Structure formats: structure tokens, C-alpha cells
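Here is data-v9.pdb, consisting of PDB, C-alpha atoms:
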ATOM      1  CA  MET A   1      25.563 -13.943  15.366
ATOM      2  CA  GLY A   2      28.758 -11.947  15.774
ATOM      3  CA  ILE A   3      29.716  -8.663  14.156
ATOM      4  CA  THR A   4      33.200  -7.181  14.201
ATOM      5  CA  PRO A   5      33.588  -3.396  13.980
ATOM      6  CA  THR A   6      36.157  -2.066  11.526
ATOM      7  CA  TYR A   7      37.437   0.223  14.291
ATOM      8  CA  SER A   8      37.159  -0.785  17.957
ATOM      9  CA  GLY A   9      36.257   2.783  19.000
ATOM     10  CA  CYS A  10      33.668   3.273  16.264
ATOM     11  CA  PRO A  11      30.755   5.325  17.644
ATOM     12  CA  ALA A  12      28.382   3.671  15.142
ATOM     13  CA  THR A  13      28.922   0.126  16.447
ATOM     14  CA  GLU A  14      25.794   0.115  18.627
ATOM     15  CA  VAL A  15      23.663   1.551  15.822
ATOM     16  CA  ILE A  16      24.975  -1.052  13.364
ATOM     17  CA  GLN A  17      24.371  -3.837  15.893
ATOM     18  CA  ALA A  18      20.777  -2.646  16.408
ATOM     19  CA  ALA A  19      20.200  -2.452  12.630
ATOM     20  CA  VAL A  20      21.446  -6.032  12.182
ATOM     21  CA  LYS A  21      19.172  -7.199  15.010
ATOM     22  CA  ARG A  22      16.159  -5.427  13.420
ATOM     23  CA  ALA A  23      16.929  -6.986  10.024
ATOM     24  CA  LEU A  24      17.130 -10.447  11.593
ATOM     25  CA  LEU A  25      13.840  -9.911  13.438
ATOM     26  CA  PHE A  26      12.196  -8.702  10.211
ATOM     27  CA  ALA A  27      13.470 -11.864   8.466
ATOM     28  CA  GLY A  28      11.827 -14.014  11.141
ATOM     29  CA  TYR A  29      14.834 -14.772  13.373
ATOM     30  CA  THR A  30      13.149 -13.793  16.628
ATOM     31  CA  ASP A  31      15.654 -15.558  18.890
ATOM     32  CA  ALA A  32      18.794 -14.164  17.234
ATOM     33  CA  VAL A  33      21.480 -12.714  19.477
ATOM     34  CA  VAL A  34      23.901 -10.201  17.954
ATOM     35  CA  GLU A  35      27.209  -9.898  19.765
ATOM     36  CA  GLN A  36      30.194  -7.652  19.185
ATOM     37  CA  VAL A  37      33.357  -9.660  18.429
ATOM     38  CA  LEU A  38      36.731  -7.924  18.862
ATOM     39  CA  SER A  39      39.062 -10.870  18.381
ATOM     40  CA  PRO A  40      40.315 -11.492  15.825
ATOM     41  CA  PRO A  41      40.296  -7.789  14.894
ATOM     42  CA  TRP A  42      38.699  -6.718  11.640
ATOM     43  CA  THR A  43      40.981  -6.444   8.621
ATOM     44  CA  SER A  44      40.364  -5.045   5.147
ATOM     45  CA  ALA A  45      41.324  -8.475   3.806
ATOM     46  CA  TRP A  46      37.788  -9.507   4.846
ATOM     47  CA  LEU A  47      36.284  -7.202   2.189
ATOM     48  CA  THR A  48      35.016  -9.063  -0.842
ATOM     49  CA  ALA A  49      35.497  -7.767  -4.369
ATOM     50  CA  GLU A  50      31.772  -6.954  -4.391
ATOM     51  CA  GLY A  51      32.134  -5.031  -1.112
ATOM     52  CA  ARG A  52      35.032  -3.007  -2.558
ATOM     53  CA  ARG A  53      32.969  -2.233  -5.680
ATOM     54  CA  LYS A  54      30.018  -1.103  -3.560
ATOM     55  CA  LEU A  55      32.222   1.187  -1.449
ATOM     56  CA  ALA A  56      33.674   2.746  -4.601
ATOM     57  CA  ALA A  57      30.175   3.137  -6.106
ATOM     58  CA  TYR A  58      29.132   4.951  -2.919
ATOM     59  CA  GLY A  59      32.119   7.279  -3.323
ATOM     60  CA  ILE A  60      34.471   5.815  -0.704
ATOM     61  CA  ALA A  61      37.878   4.543  -1.781
ATOM     62  CA  PRO A  62      38.235   1.068  -0.254
ATOM     63  CA  PRO A  63      41.532   0.093   1.364
ATOM     64  CA  GLU A  64      43.857  -1.995  -0.788
ATOM     65  CA  ASP A  65      44.866  -5.431   0.483
ATOM     66  CA  SER A  66      48.555  -4.580   0.322
ATOM     67  CA  GLY A  67      48.360  -0.774   0.280
ATOM     68  CA  ALA A  68      51.092  -0.810  -2.391
ATOM     69  CA  ARG A  69      48.953   0.649  -5.194
ATOM     70  CA  GLY A  70      48.108   3.845  -3.353
ATOM     71  CA  VAL A  71      44.755   5.585  -3.202
ATOM     72  CA  PHE A  72      42.736   6.016  -6.370
ATOM     73  CA  CYS A  73      39.629   8.111  -6.891
ATOM     74  CA  PRO A  74      36.486   5.945  -6.573
ATOM     75  CA  ARG A  75      34.807   8.007  -9.317
ATOM     76  CA  CYS A  76      37.422   8.236 -12.087
ATOM     77  CA  ALA A  77      40.220   5.885 -10.884
ATOM     78  CA  SER A  78      42.931   8.577 -11.046
ATOM     79  CA  PRO A  79      45.593   8.902  -8.329
ATOM     80  CA  ALA A  80      44.479  11.274  -5.550
ATOM     81  CA  THR A  81      46.125  13.840  -3.308
ATOM     82  CA  LEU A  82      45.760  13.482   0.453
ATOM     83  CA  LEU A  83      44.109  16.511   1.998
ATOM     84  CA  SER A  84      44.015  15.369   5.602
ATOM     85  CA  GLU A  85      44.739  12.297   7.696
ATOM     86  CA  PHE A  86      41.444  13.130   9.422
ATOM     87  CA  GLY A  87      38.189  12.345   7.677
ATOM     88  CA  SER A  88      34.513  12.265   8.555
ATOM     89  CA  THR A  89      35.173   9.427  11.018
ATOM     90  CA  PRO A  90      38.314   8.195  12.847
ATOM     91  CA  CYS A  91      38.742   5.318  10.372
ATOM     92  CA  LYS A  92      38.777   7.496   7.233
ATOM     93  CA  ALA A  93      41.122  10.043   5.638
ATOM     94  CA  HIS A  94      39.877  12.804   3.341
ATOM     95  CA  TYR A  95      41.219  13.046  -0.234
ATOM     96  CA  ARG A  96      40.579  15.140  -3.332
ATOM     97  CA  CYS A  97      41.119  13.815  -6.835
ATOM     98  CA  ASN A  98      43.536  15.825  -8.998
ATOM     99  CA  ALA A  99      41.755  14.737 -12.204
ATOM    100  CA  CYS A 100      38.047  15.210 -11.491
ATOM    101  CA  LEU A 101      38.517  17.441  -8.390
ATOM    102  CA  GLU A 102      35.952  15.462  -6.405
ATOM    103  CA  PRO A 103      36.528  15.037  -2.657
ATOM    104  CA  PHE A 104      36.184  11.543  -1.201
ATOM    105  CA  ASP A 105      36.900   9.507   1.903
ATOM    106  CA  HIS A 106      39.362   6.617   2.046
ATOM    107  CA  PHE A 107      39.199   3.896   4.685
ATOM    108  CA  LYS A 108      42.467   3.872   6.646
ATOM    109  CA  CYS A 109      41.789   0.378   8.032
ATOM    110  CA  ILE A 110      44.339  -2.307   7.266
TER     111      ILE A 110
END

What do you get writing this file as C-alpha cells?
Amino acid sequence: MGITPTYSGCPATEVIQAAVKRALLFAGYTDAVVEQVLSPPWTSAWLTAEGRRKLAAYGIAPPEDSGARGVFCPRCASPATLLSEFGSTPCKAHYRCNACLEPFDHFKCI
């Protein structure tokens, strides 16, 4: 099985890979091999509608396919103001909603 990190320098890649391996072992796939795949690189186009909904429900604004709509608050759907290009991880930017005043992360991945 191959997994592709959203960001090639992501420090969580090894932890995610180990979690996938544990889940496969728990499901009975004792011979499963989990490999990191860097080509083709990950793109936000791979996110399903369900995945985007789950990110928003968790409080993270998912990247738009085209990026043309801008960034909207995952809680109240209002336009947001960028606070910093730097977020909690290298692949996220930190925003604050002008309407509900909640802070949130936005995936910068394209």
C-alpha cells in the first residue's frame, strides 16, 4: 500500500505511516507493506467532497480546487481575513473569521 504525504517535508509522515500500518494489522492484513509515494505529488484535487466536509467539521478550511473562491470560515462560511502565512504546520496558514471571530487553519496545499 502506498501513501502520499500532502507536503513532502511533513514531520508527521512517519507517524501517519505507522498508524496506517497498525490499522492494517488490526484489520488482519499481517503482510501489508506501507510505502511512502512522492510521485505523482499530492494535490488537493484528490480530496473527496466527504473529505472536505470532514476537514471543515474539524475546523480546518479545506483548499479549493481552483482557489478562485477564496478562503471561507469552516464554522460559519463567511469570508475570512488572513492573519499569517504561517500556521500550526508548514502546510497551513492561520486565519480569523471576521463574522464569528473564530481562528482557524487553512490548508495551503494546491

I need the residue set behind the PyMOL selection byres ((chain A and resi 78-90) around 12) for this file; please write it as a PyMOL selection string.
-> chain A and resi 6-12+60-61+69-77+91-109

CA of Phe26 in chain A to CA of Glu50 in chain A, distance in Å rounded to a single decimal |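 Pair CA of Phe26 in chain A / CA of Glu50 in chain A returns 24.5 Å.
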
Which distance in Å separates CA of Thr30 in chain A and CA of Gln17 in chain A, to one decimal?
-> 15.0 Å

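Interatomic distance, CA of Tyr58 in chain A against CA of Arg22 in chain A: 23.3 Å.
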
Do a neighbour search on Ile3 in chain A at 8 Å with only C-alpha atoms, toss out local chain neighbours closer than 6 positions, and write the hits as a PyMOL selection string.
-> chain A and resi 17+34-37

All file atoms of range 83-99 of chain A boxed axis-aligned, 3 Å per side, centre plus edges, as JSON:
{"center_x": 39.6, "center_y": 10.9, "center_z": 0.3, "size_x": 16.2, "size_y": 17.2, "size_z": 31.1}

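Distances here use all atoms listed in the file; by that measure, the residue among A:Leu38, A:Ala56, A:Val20, A:Ala27 closest to Pro5 in chain A is A:Leu38.
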
Please extract range 31-68 of chain A and write it out with N, CA and C atoms, as a short mmCIF file (atom, residue, chain, number, x, y, z; two decimals), in the first residue's frame.
data_model
loop_
_atom_site.label_atom_id
_atom_site.label_comp_id
_atom_site.auth_asym_id
_atom_site.auth_seq_id
_atom_site.Cartn_x
_atom_site.Cartn_y
_atom_site.Cartn_z
N ASP A 31 0.60 -9.07 6.42
CA ASP A 31 1.71 -8.96 5.47
C ASP A 31 1.75 -7.63 4.73
N ALA A 32 0.92 -6.69 5.12
CA ALA A 32 0.85 -5.41 4.41
C ALA A 32 2.14 -4.61 4.54
N VAL A 33 2.54 -4.00 3.46
CA VAL A 33 3.69 -3.11 3.43
C VAL A 33 3.18 -1.72 3.07
N VAL A 34 3.54 -0.73 3.89
CA VAL A 34 3.11 0.65 3.66
C VAL A 34 4.32 1.45 3.23
N GLU A 35 4.25 1.97 2.01
CA GLU A 35 5.37 2.73 1.45
C GLU A 35 4.96 4.17 1.20
N GLN A 36 5.93 5.07 1.35
CA GLN A 36 5.71 6.47 1.03
C GLN A 36 5.90 6.67 -0.47
N VAL A 37 4.93 7.33 -1.10
CA VAL A 37 4.96 7.58 -2.55
C VAL A 37 5.02 9.09 -2.76
N LEU A 38 6.06 9.56 -3.45
CA LEU A 38 6.22 11.00 -3.67
C LEU A 38 5.89 11.44 -5.10
N SER A 39 5.71 10.48 -5.99
CA SER A 39 5.41 10.83 -7.37
C SER A 39 4.28 9.94 -7.86
N PRO A 40 3.18 10.51 -8.33
CA PRO A 40 2.97 11.94 -8.51
C PRO A 40 2.76 12.61 -7.15
N PRO A 41 3.09 13.92 -7.05
CA PRO A 41 2.90 14.61 -5.77
C PRO A 41 1.42 14.77 -5.44
N TRP A 42 1.15 14.84 -4.15
CA TRP A 42 -0.22 15.00 -3.67
C TRP A 42 -0.78 16.33 -4.17
N THR A 43 -2.07 16.34 -4.45
CA THR A 43 -2.77 17.56 -4.85
C THR A 43 -4.12 17.59 -4.15
N SER A 44 -4.61 18.80 -3.85
CA SER A 44 -5.89 18.92 -3.18
C SER A 44 -7.05 18.41 -4.04
N ALA A 45 -6.80 18.24 -5.33
CA ALA A 45 -7.83 17.67 -6.21
C ALA A 45 -8.16 16.23 -5.79
N TRP A 46 -7.28 15.58 -5.04
CA TRP A 46 -7.53 14.22 -4.57
C TRP A 46 -8.54 14.19 -3.42
N LEU A 47 -8.82 15.32 -2.79
CA LEU A 47 -9.78 15.35 -1.69
C LEU A 47 -11.19 15.10 -2.22
N THR A 48 -11.90 14.23 -1.57
CA THR A 48 -13.29 13.98 -1.94
C THR A 48 -14.17 15.05 -1.28
N ALA A 49 -15.40 15.14 -1.73
CA ALA A 49 -16.34 16.06 -1.10
C ALA A 49 -16.52 15.71 0.38
N GLU A 50 -16.56 14.41 0.68
CA GLU A 50 -16.68 13.97 2.07
C GLU A 50 -15.46 14.39 2.88
N GLY A 51 -14.27 14.26 2.29
CA GLY A 51 -13.04 14.67 2.97
C GLY A 51 -13.03 16.16 3.27
N ARG A 52 -13.50 16.97 2.31
CA ARG A 52 -13.60 18.42 2.51
C ARG A 52 -14.59 18.74 3.63
N ARG A 53 -15.73 18.04 3.65
CA ARG A 53 -16.71 18.26 4.72
C ARG A 53 -16.14 17.90 6.08
N LYS A 54 -15.39 16.81 6.15
CA LYS A 54 -14.81 16.38 7.43
C LYS A 54 -13.75 17.37 7.91
N LEU A 55 -12.94 17.91 7.00
CA LEU A 55 -11.97 18.93 7.39
C LEU A 55 -12.68 20.15 7.96
N ALA A 56 -13.72 20.61 7.27
CA ALA A 56 -14.47 21.77 7.72
C ALA A 56 -15.12 21.50 9.08
N ALA A 57 -15.67 20.29 9.27
CA ALA A 57 -16.30 19.93 10.53
C ALA A 57 -15.28 19.92 11.66
N TYR A 58 -14.04 19.60 11.34
CA TYR A 58 -12.96 19.59 12.34
C TYR A 58 -12.46 21.01 12.62
N GLY A 59 -12.84 21.97 11.76
CA GLY A 59 -12.43 23.35 11.96
C GLY A 59 -11.27 23.80 11.09
N ILE A 60 -10.98 23.04 10.03
CA ILE A 60 -9.91 23.39 9.10
C ILE A 60 -10.53 23.68 7.75
N ALA A 61 -10.25 24.87 7.21
CA ALA A 61 -10.78 25.23 5.90
C ALA A 61 -10.02 24.44 4.83
N PRO A 62 -10.72 23.59 4.09
CA PRO A 62 -10.03 22.80 3.05
C PRO A 62 -9.65 23.69 1.87
N PRO A 63 -8.60 23.31 1.14
CA PRO A 63 -8.24 24.09 -0.04
C PRO A 63 -9.31 23.92 -1.11
N GLU A 64 -9.54 24.96 -1.88
CA GLU A 64 -10.48 24.89 -3.00
C GLU A 64 -9.75 24.28 -4.19
N ASP A 65 -10.49 23.60 -5.06
CA ASP A 65 -9.88 23.02 -6.25
C ASP A 65 -9.21 24.08 -7.11
N SER A 66 -9.89 25.19 -7.33
CA SER A 66 -9.35 26.23 -8.19
C SER A 66 -8.71 27.36 -7.41
N GLY A 67 -9.06 27.52 -6.13
CA GLY A 67 -8.57 28.62 -5.33
C GLY A 67 -9.25 29.94 -5.65
N ALA A 68 -10.17 29.95 -6.61
CA ALA A 68 -10.79 31.20 -7.06
C ALA A 68 -11.80 31.75 -6.06
#
